[in-house]
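Engineer: Just passing along the structure, written as structure tokens.
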Amino acid sequence: MTTSEAHLSAWLTLCFCPRIGGKIMTRLWAVDSPENILKYSTDRLIALGLSSTQITYLQSSEHKEVNQCLEWQNQSALNTIVALTNPIYPKLLSEISAPPPVLFVKGDPLTLSEPQVAIVGSRNASLEGLDCAKQFACSIVQHNYVVTSGLALGVDGYAHHGAIEAKGKTIAVLGSGLERIYPAKHRSLAHRVIDSGALVSEFRPDAPPRPDNFPRRNRIISGLSTGVLVVEAAERSGSLITARYANEQGREVFALPGSIQNPTAKGSNALIRAGAKLVSTPEDIFNEIGALTECAISHQPSLFEQEVITEQLPFPEVFATVGSEATPVDIIAERCQMPVHEIMMQLLELELQGFIAAVPGGYIKNRRG
């Protein structure tokens, strides 16, 4: 097994360990790297709060599901598994609360780091709503944004089609494994998405669709995106969950107004009453997210930003890895390719100067930063 495969194997082993959720994973990352944790003694694992079942799993020499995932990646050049510490892991997504530790990608994984606008809505949208989803998607990709959605029937599917027909890029986030396309009706669409961007999931390739997978899927849709457009949504809609996640993650939330007599518009109208930005044209979206995208996603800092980094920040490389969500020390060390003890010294200096703050789970940028 190569070094990179061993690193990825350690991440997958932690991910598949029974009853280890996002909060426990975040706590473990803050302590040490996955490779090192797997070498811990039983006593040290107990001290981390792990159960006997979890410890037995981690200390096992054979993990069938981990090997299956590594084999899946080797089956095709289109298949990629991206761990959180991988440089190509999308930065925006890494900054959310409890980001997916690994992403399974079929297509171009670099698309995940490009500026994105999510389009979500009802599976039973009106013809007008479906047409709006398609037209907005066309305009969004023509402005060099990627259209991100969930491959579902209705608005999601029309958004993907609109992006593809306009020769743009699109990303579909699944609530199942990438070899278990759901809904089955969209298998051909999934292949077109791969050619135009990527399919992505946090679930292993053979995972079946389950009801509780889809709310988790929705946080990735919003986490990847600069803004989320809700086209039509009923009062109890998964699209409203995506909008809630977007709001919690600091993303812009947009909604198309609908008729008060249309039941599939009640949720989106409620979003507008609650503060979502009403939009009637794609330009309404671009006017809001243009500056935010340049600041958050641009790979080339402005002259002013360069001056601030070089003249005021003591450790700009370390500072650049810290975002608005808690980033564990281990992840910062991995991104900077530096020993943890050196990272800790630099983090302390940045904290003392007020650029960052220590919080549960790691470090965040202060307003000064």
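Each chain of the structure tokens is named A, B, ... in the order shown, its residues numbered from 1; ligands are numbered from 1 in display order.
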Could you pull the residues within 7 Å of Ser33 (chain A), counting only C-alpha atoms, minus those fewer than 4 positions along the same chain, as number ranges by chain?
Structural biologist: A: 29, 37, 330
Engineer: Write the residues you've just listed into a file as a tab-separated table (two decimals), in the first residue's frame, and include all heavy atoms for each of them.
Structural biologist:
```tsv
chain	number	residue	atom	x	y	z
A	29	TRP	N	-9.93	14.61	15.29
A	29	TRP	CA	-8.99	15.31	14.42
A	29	TRP	C	-8.19	16.35	15.20
A	29	TRP	O	-7.03	16.61	14.89
A	29	TRP	CB	-9.72	16.02	13.28
A	29	TRP	CG	-10.55	15.16	12.42
A	29	TRP	CD1	-10.39	13.82	12.19
A	29	TRP	CD2	-11.70	15.54	11.68
A	29	TRP	NE1	-11.37	13.36	11.36
A	29	TRP	CE2	-12.18	14.40	11.02
A	29	TRP	CE3	-12.36	16.76	11.49
A	29	TRP	CZ2	-13.30	14.42	10.19
A	29	TRP	CZ3	-13.46	16.77	10.67
A	29	TRP	CH2	-13.93	15.63	10.03
A	37	ILE	N	-3.86	7.91	15.39
A	37	ILE	CA	-4.93	7.42	16.28
A	37	ILE	C	-5.08	5.91	16.16
A	37	ILE	O	-5.30	5.21	17.15
A	37	ILE	CB	-6.26	8.14	15.99
A	37	ILE	CG1	-6.18	9.60	16.46
A	37	ILE	CG2	-7.43	7.44	16.67
A	37	ILE	CD1	-7.38	10.43	16.12
A	330	ASP	N	-4.69	19.53	13.84
A	330	ASP	CA	-4.17	18.47	12.98
A	330	ASP	C	-4.35	18.81	11.51
A	330	ASP	O	-3.46	18.59	10.68
A	330	ASP	CB	-4.86	17.15	13.32
A	330	ASP	CG	-4.47	16.04	12.36
A	330	ASP	OD1	-3.28	15.83	12.15
A	330	ASP	OD2	-5.37	15.39	11.81
```
Engineer: With DSSP run on the backbone, what are the helix (DSSP H, G or I) residues within region 59-297 of chain A? I'd like them as a CSV table (one decimal) with N, CA, C and O atoms, in the first residue's frame.
Structural biologist:
```
chain,number,residue,atom,x,y,z
A,59,GLN,N,-8.8,-1.4,16.0
A,59,GLN,CA,-7.6,-2.3,16.1
A,59,GLN,C,-7.6,-3.5,15.2
A,59,GLN,O,-6.7,-4.3,15.2
A,64,LYS,N,-13.0,-4.7,5.5
A,64,LYS,CA,-13.5,-5.0,4.1
A,64,LYS,C,-14.0,-3.8,3.4
A,64,LYS,O,-13.7,-3.6,2.2
A,65,GLU,N,-14.8,-3.0,4.1
A,65,GLU,CA,-15.4,-1.8,3.4
A,65,GLU,C,-14.3,-0.8,3.0
A,65,GLU,O,-14.5,-0.1,2.0
A,66,VAL,N,-13.3,-0.7,3.8
A,66,VAL,CA,-12.2,0.2,3.4
A,66,VAL,C,-11.5,-0.2,2.1
A,66,VAL,O,-11.3,0.5,1.2
A,67,ASN,N,-11.2,-1.5,2.1
A,67,ASN,CA,-10.5,-2.1,0.9
A,67,ASN,C,-11.4,-2.0,-0.3
A,67,ASN,O,-10.9,-1.7,-1.4
A,68,GLN,N,-12.7,-2.1,-0.2
A,68,GLN,CA,-13.6,-2.0,-1.3
A,68,GLN,C,-13.6,-0.6,-1.8
A,68,GLN,O,-13.7,-0.4,-3.1
A,69,CYS,N,-13.5,0.4,-0.9
A,69,CYS,CA,-13.5,1.8,-1.4
A,69,CYS,C,-12.2,2.1,-2.2
A,69,CYS,O,-12.2,2.8,-3.2
A,70,LEU,N,-11.1,1.6,-1.7
A,70,LEU,CA,-9.8,1.8,-2.3
A,70,LEU,C,-9.8,1.1,-3.7
A,70,LEU,O,-9.3,1.6,-4.7
A,71,GLU,N,-10.4,-0.1,-3.8
A,71,GLU,CA,-10.5,-0.8,-5.1
A,71,GLU,C,-11.4,0.0,-6.0
A,71,GLU,O,-11.1,0.1,-7.2
A,72,TRP,N,-12.5,0.6,-5.5
A,72,TRP,CA,-13.4,1.5,-6.3
A,72,TRP,C,-12.6,2.6,-6.9
A,72,TRP,O,-12.7,2.9,-8.1
A,73,GLN,N,-11.7,3.2,-6.2
A,73,GLN,CA,-10.9,4.4,-6.7
A,73,GLN,C,-10.0,3.9,-7.8
A,73,GLN,O,-9.8,4.7,-8.8
A,74,ASN,N,-9.5,2.7,-7.7
A,74,ASN,CA,-8.5,2.2,-8.7
A,74,ASN,C,-9.2,1.7,-9.9
A,74,ASN,O,-8.5,1.4,-10.9
A,75,GLN,N,-10.5,1.5,-9.9
A,75,GLN,CA,-11.2,1.0,-11.0
A,75,GLN,C,-11.3,1.9,-12.2
A,75,GLN,O,-11.4,1.5,-13.4
A,91,LYS,N,-12.4,24.3,-0.2
A,91,LYS,CA,-12.1,25.1,1.0
A,91,LYS,C,-13.4,25.5,1.7
A,91,LYS,O,-13.6,25.5,2.9
A,92,LEU,N,-14.4,25.9,0.9
A,92,LEU,CA,-15.7,26.4,1.5
A,92,LEU,C,-16.3,25.3,2.3
A,92,LEU,O,-16.8,25.5,3.4
A,93,LEU,N,-16.3,24.1,1.8
A,93,LEU,CA,-16.9,23.0,2.5
A,93,LEU,C,-16.2,22.6,3.7
A,93,LEU,O,-16.7,22.2,4.7
A,94,SER,N,-14.8,22.7,3.7
A,94,SER,CA,-14.0,22.4,4.8
A,94,SER,C,-14.3,23.3,6.0
A,94,SER,O,-14.0,23.0,7.2
A,109,PRO,N,-12.7,16.3,-9.7
A,109,PRO,CA,-12.8,16.8,-8.4
A,109,PRO,C,-12.5,18.2,-8.2
A,109,PRO,O,-12.9,18.9,-7.2
A,110,LEU,N,-11.7,18.8,-9.2
A,110,LEU,CA,-11.4,20.2,-9.1
A,110,LEU,C,-12.6,21.1,-9.3
A,110,LEU,O,-12.6,22.3,-8.8
A,111,THR,N,-13.6,20.6,-9.9
A,111,THR,CA,-14.9,21.4,-10.1
A,111,THR,C,-15.5,21.8,-8.7
A,111,THR,O,-16.1,22.8,-8.6
A,112,LEU,N,-15.2,21.0,-7.7
A,112,LEU,CA,-15.8,21.2,-6.4
A,112,LEU,C,-15.3,22.5,-5.7
A,112,LEU,O,-15.9,23.0,-4.8
A,113,SER,N,-14.1,23.0,-6.2
A,113,SER,CA,-13.5,24.2,-5.6
A,113,SER,C,-13.8,25.4,-6.5
A,113,SER,O,-13.4,26.5,-6.1
A,127,LEU,N,-44.9,23.7,-13.9
A,127,LEU,CA,-44.2,23.8,-15.1
A,127,LEU,C,-43.4,25.2,-15.2
A,127,LEU,O,-42.3,25.3,-15.7
A,128,GLU,N,-44.0,26.2,-14.6
A,128,GLU,CA,-43.4,27.5,-14.5
A,128,GLU,C,-42.1,27.4,-13.6
A,128,GLU,O,-41.1,28.0,-14.0
A,129,GLY,N,-42.2,26.7,-12.5
A,129,GLY,CA,-41.1,26.6,-11.7
A,129,GLY,C,-39.9,25.8,-12.3
A,129,GLY,O,-38.8,26.1,-12.2
A,130,LEU,N,-40.3,24.7,-13.0
A,130,LEU,CA,-39.3,23.9,-13.7
A,130,LEU,C,-38.6,24.7,-14.8
A,130,LEU,O,-37.3,24.7,-15.0
A,131,ASP,N,-39.3,25.5,-15.5
A,131,ASP,CA,-38.8,26.4,-16.6
A,131,ASP,C,-37.8,27.4,-15.9
A,131,ASP,O,-36.8,27.7,-16.5
A,132,CYS,N,-38.2,28.0,-14.8
A,132,CYS,CA,-37.4,29.0,-14.1
A,132,CYS,C,-36.1,28.3,-13.7
A,132,CYS,O,-35.0,28.9,-13.8
A,133,ALA,N,-36.1,27.1,-13.1
A,133,ALA,CA,-34.9,26.4,-12.7
A,133,ALA,C,-34.0,26.2,-13.9
A,133,ALA,O,-32.7,26.5,-13.7
A,134,LYS,N,-34.5,25.8,-15.0
A,134,LYS,CA,-33.6,25.6,-16.2
A,134,LYS,C,-33.1,26.9,-16.7
A,134,LYS,O,-31.8,27.0,-17.0
A,135,GLN,N,-33.9,28.0,-16.8
A,135,GLN,CA,-33.4,29.2,-17.3
A,135,GLN,C,-32.4,29.9,-16.4
A,135,GLN,O,-31.4,30.5,-16.8
A,136,PHE,N,-32.6,29.8,-15.1
A,136,PHE,CA,-31.6,30.4,-14.1
A,136,PHE,C,-30.3,29.6,-14.2
A,136,PHE,O,-29.2,30.2,-14.1
A,137,ALA,N,-30.4,28.3,-14.3
A,137,ALA,CA,-29.2,27.5,-14.4
A,137,ALA,C,-28.4,27.9,-15.7
A,137,ALA,O,-27.1,28.0,-15.6
A,138,CYS,N,-29.0,28.1,-16.8
A,138,CYS,CA,-28.4,28.5,-18.0
A,138,CYS,C,-27.6,29.8,-17.8
A,138,CYS,O,-26.5,30.0,-18.2
A,139,SER,N,-28.3,30.8,-17.2
A,139,SER,CA,-27.7,32.1,-17.0
A,139,SER,C,-26.5,32.0,-16.0
A,139,SER,O,-25.5,32.6,-16.1
A,140,ILE,N,-26.7,31.2,-14.9
A,140,ILE,CA,-25.6,31.0,-13.9
A,140,ILE,C,-24.3,30.5,-14.5
A,140,ILE,O,-23.3,31.0,-14.2
A,141,VAL,N,-24.4,29.5,-15.3
A,141,VAL,CA,-23.2,28.9,-15.9
A,141,VAL,C,-22.6,29.9,-16.9
A,141,VAL,O,-21.4,29.9,-17.1
A,142,GLN,N,-23.4,30.7,-17.6
A,142,GLN,CA,-22.9,31.6,-18.5
A,142,GLN,C,-22.1,32.7,-17.8
A,142,GLN,O,-21.3,33.5,-18.4
A,155,VAL,N,-37.1,20.2,-9.8
A,155,VAL,CA,-36.3,21.3,-9.9
A,155,VAL,C,-34.8,20.9,-10.1
A,155,VAL,O,-34.1,21.5,-10.9
A,156,ASP,N,-34.3,20.0,-9.2
A,156,ASP,CA,-32.9,19.6,-9.3
A,156,ASP,C,-32.5,19.1,-10.7
A,156,ASP,O,-31.5,19.6,-11.3
A,157,GLY,N,-33.3,18.2,-11.3
A,157,GLY,CA,-33.0,17.7,-12.6
A,157,GLY,C,-33.0,18.7,-13.6
A,157,GLY,O,-32.1,18.8,-14.5
A,158,TYR,N,-34.0,19.7,-13.6
A,158,TYR,CA,-34.1,20.7,-14.6
A,158,TYR,C,-32.9,21.7,-14.4
A,158,TYR,O,-32.4,22.2,-15.4
A,159,ALA,N,-32.4,21.9,-13.2
A,159,ALA,CA,-31.2,22.7,-13.0
A,159,ALA,C,-30.0,22.1,-13.7
A,159,ALA,O,-29.2,22.8,-14.4
A,160,HIS,N,-29.8,20.8,-13.5
A,160,HIS,CA,-28.7,20.1,-14.1
A,160,HIS,C,-28.8,20.2,-15.6
A,160,HIS,O,-27.8,20.5,-16.3
A,161,HIS,N,-30.0,19.9,-16.1
A,161,HIS,CA,-30.2,20.0,-17.6
A,161,HIS,C,-29.9,21.3,-18.1
A,161,HIS,O,-29.2,21.5,-19.2
A,162,GLY,N,-30.3,22.4,-17.5
A,162,GLY,CA,-30.1,23.7,-17.9
A,162,GLY,C,-28.6,24.1,-18.0
A,162,GLY,O,-28.1,24.7,-19.0
A,163,ALA,N,-27.9,23.7,-17.0
A,163,ALA,CA,-26.4,23.9,-17.0
A,163,ALA,C,-25.7,23.2,-18.1
A,163,ALA,O,-24.8,23.7,-18.8
A,164,ILE,N,-26.1,21.9,-18.3
A,164,ILE,CA,-25.4,21.1,-19.3
A,164,ILE,C,-25.8,21.6,-20.7
A,164,ILE,O,-24.9,21.8,-21.6
A,165,GLU,N,-27.0,22.0,-21.0
A,165,GLU,CA,-27.4,22.5,-22.3
A,165,GLU,C,-26.8,23.8,-22.6
A,165,GLU,O,-26.6,24.2,-23.8
A,184,ALA,N,-33.4,6.2,-10.0
A,184,ALA,CA,-32.9,5.4,-11.1
A,184,ALA,C,-33.2,6.1,-12.4
A,184,ALA,O,-32.5,6.0,-13.4
A,185,LYS,N,-34.3,6.9,-12.5
A,185,LYS,CA,-34.7,7.6,-13.7
A,185,LYS,C,-33.7,8.5,-14.2
A,185,LYS,O,-33.6,8.9,-15.3
A,186,HIS,N,-32.8,9.0,-13.3
A,186,HIS,CA,-31.8,10.0,-13.6
A,186,HIS,C,-30.4,9.4,-13.8
A,186,HIS,O,-29.4,10.1,-13.8
A,187,ARG,N,-30.3,8.1,-14.1
A,187,ARG,CA,-29.0,7.5,-14.4
A,187,ARG,C,-28.4,8.1,-15.6
A,187,ARG,O,-27.2,8.4,-15.6
A,188,SER,N,-29.1,8.3,-16.7
A,188,SER,CA,-28.5,8.9,-17.9
A,188,SER,C,-28.1,10.4,-17.6
A,188,SER,O,-27.1,10.8,-18.1
A,189,LEU,N,-28.9,11.1,-16.8
A,189,LEU,CA,-28.5,12.4,-16.4
A,189,LEU,C,-27.3,12.4,-15.6
A,189,LEU,O,-26.4,13.3,-15.8
A,190,ALA,N,-27.1,11.4,-14.7
A,190,ALA,CA,-25.9,11.3,-13.9
A,190,ALA,C,-24.7,11.2,-14.8
A,190,ALA,O,-23.6,11.8,-14.5
A,191,HIS,N,-24.7,10.4,-15.8
A,191,HIS,CA,-23.6,10.3,-16.7
A,191,HIS,C,-23.3,11.6,-17.4
A,191,HIS,O,-22.1,11.9,-17.6
A,192,ARG,N,-24.3,12.4,-17.8
A,192,ARG,CA,-24.0,13.7,-18.4
A,192,ARG,C,-23.4,14.7,-17.4
A,192,ARG,O,-22.6,15.5,-17.7
A,193,VAL,N,-23.8,14.5,-16.1
A,193,VAL,CA,-23.2,15.4,-15.1
A,193,VAL,C,-21.8,15.1,-14.9
A,193,VAL,O,-20.9,16.0,-14.7
A,194,ILE,N,-21.4,13.8,-14.9
A,194,ILE,CA,-20.0,13.4,-14.8
A,194,ILE,C,-19.2,14.0,-15.9
A,194,ILE,O,-18.1,14.5,-15.7
A,195,ASP,N,-19.7,14.1,-17.2
A,195,ASP,CA,-19.0,14.7,-18.3
A,195,ASP,C,-18.9,16.2,-18.2
A,195,ASP,O,-18.0,16.8,-18.8
A,196,SER,N,-19.8,16.8,-17.4
A,196,SER,CA,-19.9,18.3,-17.3
A,196,SER,C,-19.4,18.8,-15.9
A,196,SER,O,-19.5,20.0,-15.7
A,213,ASN,N,-30.2,10.0,4.9
A,213,ASN,CA,-29.0,10.5,4.1
A,213,ASN,C,-29.2,11.8,3.5
A,213,ASN,O,-28.3,12.6,3.3
A,214,PHE,N,-30.5,12.2,3.2
A,214,PHE,CA,-30.7,13.3,2.4
A,214,PHE,C,-30.6,14.7,3.1
A,214,PHE,O,-30.0,15.6,2.5
A,215,PRO,N,-31.0,14.8,4.4
A,215,PRO,CA,-30.6,16.0,5.1
A,215,PRO,C,-29.1,16.2,5.2
A,215,PRO,O,-28.6,17.3,5.1
A,216,ARG,N,-28.3,15.1,5.4
A,216,ARG,CA,-26.9,15.2,5.4
A,216,ARG,C,-26.4,15.7,4.0
A,216,ARG,O,-25.4,16.5,3.9
A,217,ARG,N,-27.0,15.1,3.0
A,217,ARG,CA,-26.6,15.5,1.6
A,217,ARG,C,-26.8,17.0,1.4
A,217,ARG,O,-26.0,17.7,0.8
A,218,ASN,N,-27.9,17.5,2.0
A,218,ASN,CA,-28.3,18.9,1.7
A,218,ASN,C,-27.2,19.9,2.3
A,218,ASN,O,-27.0,21.0,1.8
A,219,ARG,N,-26.6,19.5,3.4
A,219,ARG,CA,-25.6,20.4,4.0
A,219,ARG,C,-24.3,20.5,3.1
A,219,ARG,O,-23.6,21.6,3.2
A,220,ILE,N,-24.1,19.5,2.3
A,220,ILE,CA,-23.0,19.5,1.4
A,220,ILE,C,-23.3,20.4,0.2
A,220,ILE,O,-22.5,21.2,-0.3
A,221,ILE,N,-24.6,20.4,-0.3
A,221,ILE,CA,-25.0,21.2,-1.4
A,221,ILE,C,-24.8,22.7,-1.0
A,221,ILE,O,-24.2,23.5,-1.8
A,222,SER,N,-25.3,23.1,0.2
A,222,SER,CA,-25.1,24.5,0.6
A,222,SER,C,-23.7,24.8,1.0
A,222,SER,O,-23.2,25.9,0.7
A,223,GLY,N,-22.9,23.8,1.5
A,223,GLY,CA,-21.6,24.0,2.0
A,223,GLY,C,-20.6,24.3,0.8
A,223,GLY,O,-19.6,25.0,0.9
A,224,LEU,N,-20.9,23.7,-0.3
A,224,LEU,CA,-20.1,23.9,-1.5
A,224,LEU,C,-20.3,25.2,-2.2
A,224,LEU,O,-19.5,25.7,-3.0
A,238,GLY,N,-37.4,19.3,1.7
A,238,GLY,CA,-36.0,19.2,1.9
A,238,GLY,C,-35.2,20.4,1.5
A,238,GLY,O,-34.1,20.7,2.0
A,239,SER,N,-35.8,21.2,0.6
A,239,SER,CA,-35.2,22.4,0.1
A,239,SER,C,-35.0,23.4,1.2
A,239,SER,O,-34.1,24.2,1.3
A,240,LEU,N,-36.0,23.4,2.1
A,240,LEU,CA,-36.0,24.3,3.3
A,240,LEU,C,-34.8,23.9,4.2
A,240,LEU,O,-34.2,24.8,4.9
A,241,ILE,N,-34.6,22.6,4.3
A,241,ILE,CA,-33.4,22.1,5.1
A,241,ILE,C,-32.1,22.7,4.5
A,241,ILE,O,-31.2,23.1,5.2
A,242,THR,N,-32.0,22.6,3.2
A,242,THR,CA,-30.8,23.2,2.5
A,242,THR,C,-30.7,24.7,2.8
A,242,THR,O,-29.6,25.2,3.1
A,243,ALA,N,-31.8,25.4,2.7
A,243,ALA,CA,-31.8,26.8,3.0
A,243,ALA,C,-31.4,27.1,4.5
A,243,ALA,O,-30.6,28.0,4.7
A,244,ARG,N,-31.8,26.3,5.4
A,244,ARG,CA,-31.5,26.4,6.8
A,244,ARG,C,-30.0,26.2,7.0
A,244,ARG,O,-29.3,27.0,7.7
A,245,TYR,N,-29.4,25.2,6.3
A,245,TYR,CA,-28.0,24.9,6.4
A,245,TYR,C,-27.2,26.1,5.8
A,245,TYR,O,-26.2,26.5,6.4
A,246,ALA,N,-27.7,26.6,4.7
A,246,ALA,CA,-27.0,27.7,4.0
A,246,ALA,C,-27.0,28.9,5.0
A,246,ALA,O,-25.9,29.6,5.1
A,247,ASN,N,-28.1,29.2,5.6
A,247,ASN,CA,-28.1,30.3,6.6
A,247,ASN,C,-27.1,30.1,7.7
A,247,ASN,O,-26.4,31.0,8.1
A,248,GLU,N,-27.1,28.9,8.3
A,248,GLU,CA,-26.1,28.6,9.4
A,248,GLU,C,-24.7,28.7,8.9
A,248,GLU,O,-23.8,29.0,9.7
A,263,PRO,N,-49.4,25.4,-3.7
A,263,PRO,CA,-48.8,24.7,-2.4
A,263,PRO,C,-47.3,24.5,-2.5
A,263,PRO,O,-46.7,24.4,-1.4
A,264,THR,N,-46.8,24.3,-3.6
A,264,THR,CA,-45.3,24.1,-3.7
A,264,THR,C,-44.5,25.4,-3.6
A,264,THR,O,-43.3,25.4,-3.7
A,265,ALA,N,-45.2,26.5,-3.5
A,265,ALA,CA,-44.5,27.8,-3.3
A,265,ALA,C,-44.6,28.3,-1.9
A,265,ALA,O,-44.0,29.3,-1.5
A,266,LYS,N,-45.4,27.6,-1.0
A,266,LYS,CA,-45.6,28.1,0.4
A,266,LYS,C,-44.3,28.2,1.1
A,266,LYS,O,-44.0,29.1,1.9
A,267,GLY,N,-43.4,27.2,1.0
A,267,GLY,CA,-42.2,27.2,1.7
A,267,GLY,C,-41.2,28.3,1.2
A,267,GLY,O,-40.6,29.0,2.0
A,268,SER,N,-41.1,28.5,-0.1
A,268,SER,CA,-40.2,29.5,-0.6
A,268,SER,C,-40.7,30.9,-0.3
A,268,SER,O,-40.0,31.8,0.0
A,269,ASN,N,-42.1,31.1,-0.3
A,269,ASN,CA,-42.6,32.4,0.1
A,269,ASN,C,-42.3,32.6,1.6
A,269,ASN,O,-42.0,33.8,2.0
A,270,ALA,N,-42.4,31.6,2.4
A,270,ALA,CA,-42.1,31.7,3.8
A,270,ALA,C,-40.6,32.1,4.0
A,270,ALA,O,-40.3,32.9,4.9
A,271,LEU,N,-39.7,31.6,3.2
A,271,LEU,CA,-38.3,32.0,3.2
A,271,LEU,C,-38.1,33.5,3.0
A,271,LEU,O,-37.3,34.1,3.7
A,272,ILE,N,-38.9,34.0,2.1
A,272,ILE,CA,-38.8,35.4,1.8
A,272,ILE,C,-39.2,36.2,3.0
A,272,ILE,O,-38.6,37.2,3.3
A,273,ARG,N,-40.3,35.8,3.6
A,273,ARG,CA,-40.8,36.5,4.8
A,273,ARG,C,-39.8,36.5,5.9
A,273,ARG,O,-39.7,37.4,6.7
A,282,PRO,N,-31.7,36.4,-12.8
A,282,PRO,CA,-30.4,36.0,-12.4
A,282,PRO,C,-29.5,37.1,-11.9
A,282,PRO,O,-28.7,36.9,-11.0
A,283,GLU,N,-29.7,38.3,-12.5
A,283,GLU,CA,-28.8,39.4,-12.1
A,283,GLU,C,-29.0,39.7,-10.6
A,283,GLU,O,-28.0,40.2,-10.0
A,284,ASP,N,-30.2,39.5,-10.1
A,284,ASP,CA,-30.4,39.7,-8.6
A,284,ASP,C,-29.4,38.9,-7.8
A,284,ASP,O,-28.9,39.3,-6.7
A,285,ILE,N,-29.1,37.7,-8.3
A,285,ILE,CA,-28.2,36.8,-7.6
A,285,ILE,C,-26.7,37.3,-7.7
A,285,ILE,O,-26.0,37.4,-6.8
A,286,PHE,N,-26.4,37.6,-9.0
A,286,PHE,CA,-25.0,38.0,-9.2
A,286,PHE,C,-24.6,39.3,-8.5
A,286,PHE,O,-23.5,39.5,-8.1
A,287,ASN,N,-25.6,40.2,-8.4
A,287,ASN,CA,-25.3,41.5,-7.7
A,287,ASN,C,-25.0,41.2,-6.2
A,287,ASN,O,-24.2,42.0,-5.6
A,288,GLU,N,-25.6,40.2,-5.6
A,288,GLU,CA,-25.3,39.9,-4.2
A,288,GLU,C,-24.1,39.1,-4.0
A,288,GLU,O,-23.3,39.3,-3.0
A,289,ILE,N,-23.8,38.1,-4.8
A,289,ILE,CA,-22.7,37.1,-4.5
A,289,ILE,C,-21.4,37.5,-5.2
A,289,ILE,O,-20.4,36.9,-4.9
A,290,GLY,N,-21.4,38.4,-6.2
A,290,GLY,CA,-20.2,38.7,-6.9
A,290,GLY,C,-19.0,39.1,-6.0
A,290,GLY,O,-18.0,38.4,-6.1
A,291,ALA,N,-19.2,40.0,-5.1
A,291,ALA,CA,-18.1,40.5,-4.3
A,291,ALA,C,-17.7,39.4,-3.3
A,291,ALA,O,-16.6,39.1,-3.0
A,292,LEU,N,-18.7,38.7,-2.8
A,292,LEU,CA,-18.5,37.6,-1.8
A,292,LEU,C,-17.7,36.5,-2.4
A,292,LEU,O,-16.7,36.0,-1.8
A,293,THR,N,-18.0,36.1,-3.7
A,293,THR,CA,-17.2,35.1,-4.4
A,293,THR,C,-15.8,35.5,-4.6
A,293,THR,O,-14.9,34.7,-4.4
A,294,GLU,N,-15.6,36.7,-5.0
A,294,GLU,CA,-14.2,37.2,-5.2
A,294,GLU,C,-13.4,37.1,-3.9
A,294,GLU,O,-12.2,36.7,-3.9
A,295,CYS,N,-14.0,37.5,-2.8
A,295,CYS,CA,-13.3,37.4,-1.5
A,295,CYS,C,-13.0,36.0,-1.0
A,295,CYS,O,-12.0,35.7,-0.5
A,296,ALA,N,-14.1,35.2,-1.1
A,296,ALA,CA,-14.0,33.9,-0.5
A,296,ALA,C,-13.3,32.8,-1.3
A,296,ALA,O,-12.7,31.9,-0.8
A,297,ILE,N,-13.4,32.9,-2.7
A,297,ILE,CA,-12.9,31.8,-3.5
A,297,ILE,C,-11.8,32.2,-4.4
A,297,ILE,O,-11.0,31.3,-4.9
```
Engineer: Excluding Val102 (chain A) and its own-chain neighbours fewer than 3 positions away, which residues fall within 9 Å of it when counting only C-alpha atoms? Please give them as number ranges by chain.
Structural biologist: A: 8, 11-12, 15, 81-84, 89, 99, 201-203
Engineer: Export, as an mmCIF file, in the first residue's frame, the selected residues with N, CA and C atoms.
Structural biologist:
```cif
data_model
loop_
_atom_site.group_PDB
_atom_site.id
_atom_site.type_symbol
_atom_site.label_atom_id
_atom_site.label_comp_id
_atom_site.auth_asym_id
_atom_site.auth_seq_id
_atom_site.Cartn_x
_atom_site.Cartn_y
_atom_site.Cartn_z
ATOM 1 N N LEU A 8 -5.223 7.522 3.219
ATOM 2 C CA LEU A 8 -6.647 7.474 2.903
ATOM 3 C C LEU A 8 -7.325 6.321 3.647
ATOM 4 N N TRP A 11 -8.199 7.408 7.146
ATOM 5 C CA TRP A 11 -9.382 8.269 7.165
ATOM 6 C C TRP A 11 -10.651 7.439 7.021
ATOM 7 N N LEU A 12 -10.640 6.504 6.061
ATOM 8 C CA LEU A 12 -11.824 5.681 5.826
ATOM 9 C C LEU A 12 -12.131 4.792 7.033
ATOM 10 N N CYS A 15 -13.915 6.823 9.490
ATOM 11 C CA CYS A 15 -15.258 7.151 8.992
ATOM 12 C C CYS A 15 -16.232 5.988 9.176
ATOM 13 N N ILE A 81 -11.291 9.576 -4.248
ATOM 14 C CA ILE A 81 -11.683 9.756 -2.852
ATOM 15 C C ILE A 81 -10.831 10.881 -2.290
ATOM 16 N N VAL A 82 -11.485 11.929 -1.786
ATOM 17 C CA VAL A 82 -10.781 13.120 -1.318
ATOM 18 C C VAL A 82 -10.958 13.254 0.188
ATOM 19 N N ALA A 83 -9.868 13.105 0.934
ATOM 20 C CA ALA A 83 -9.912 13.278 2.381
ATOM 21 C C ALA A 83 -9.832 14.759 2.731
ATOM 22 N N LEU A 84 -10.275 15.086 3.929
ATOM 23 C CA LEU A 84 -10.354 16.483 4.360
ATOM 24 C C LEU A 84 -9.014 17.198 4.306
ATOM 25 N N TYR A 89 -9.456 19.251 -1.494
ATOM 26 C CA TYR A 89 -10.739 19.277 -0.791
ATOM 27 C C TYR A 89 -11.271 20.709 -0.838
ATOM 28 N N PRO A 99 -17.573 19.046 8.634
ATOM 29 C CA PRO A 99 -17.533 18.741 7.200
ATOM 30 C C PRO A 99 -17.356 17.244 6.968
ATOM 31 N N SER A 201 -20.493 12.348 -3.198
ATOM 32 C CA SER A 201 -21.240 11.794 -2.074
ATOM 33 C C SER A 201 -20.291 11.577 -0.909
ATOM 34 N N GLU A 202 -20.829 11.644 0.313
ATOM 35 C CA GLU A 202 -20.016 11.292 1.474
ATOM 36 C C GLU A 202 -20.229 9.823 1.858
ATOM 37 N N PHE A 203 -21.112 9.140 1.123
ATOM 38 C CA PHE A 203 -21.414 7.748 1.417
ATOM 39 C C PHE A 203 -20.618 6.831 0.492
#
```
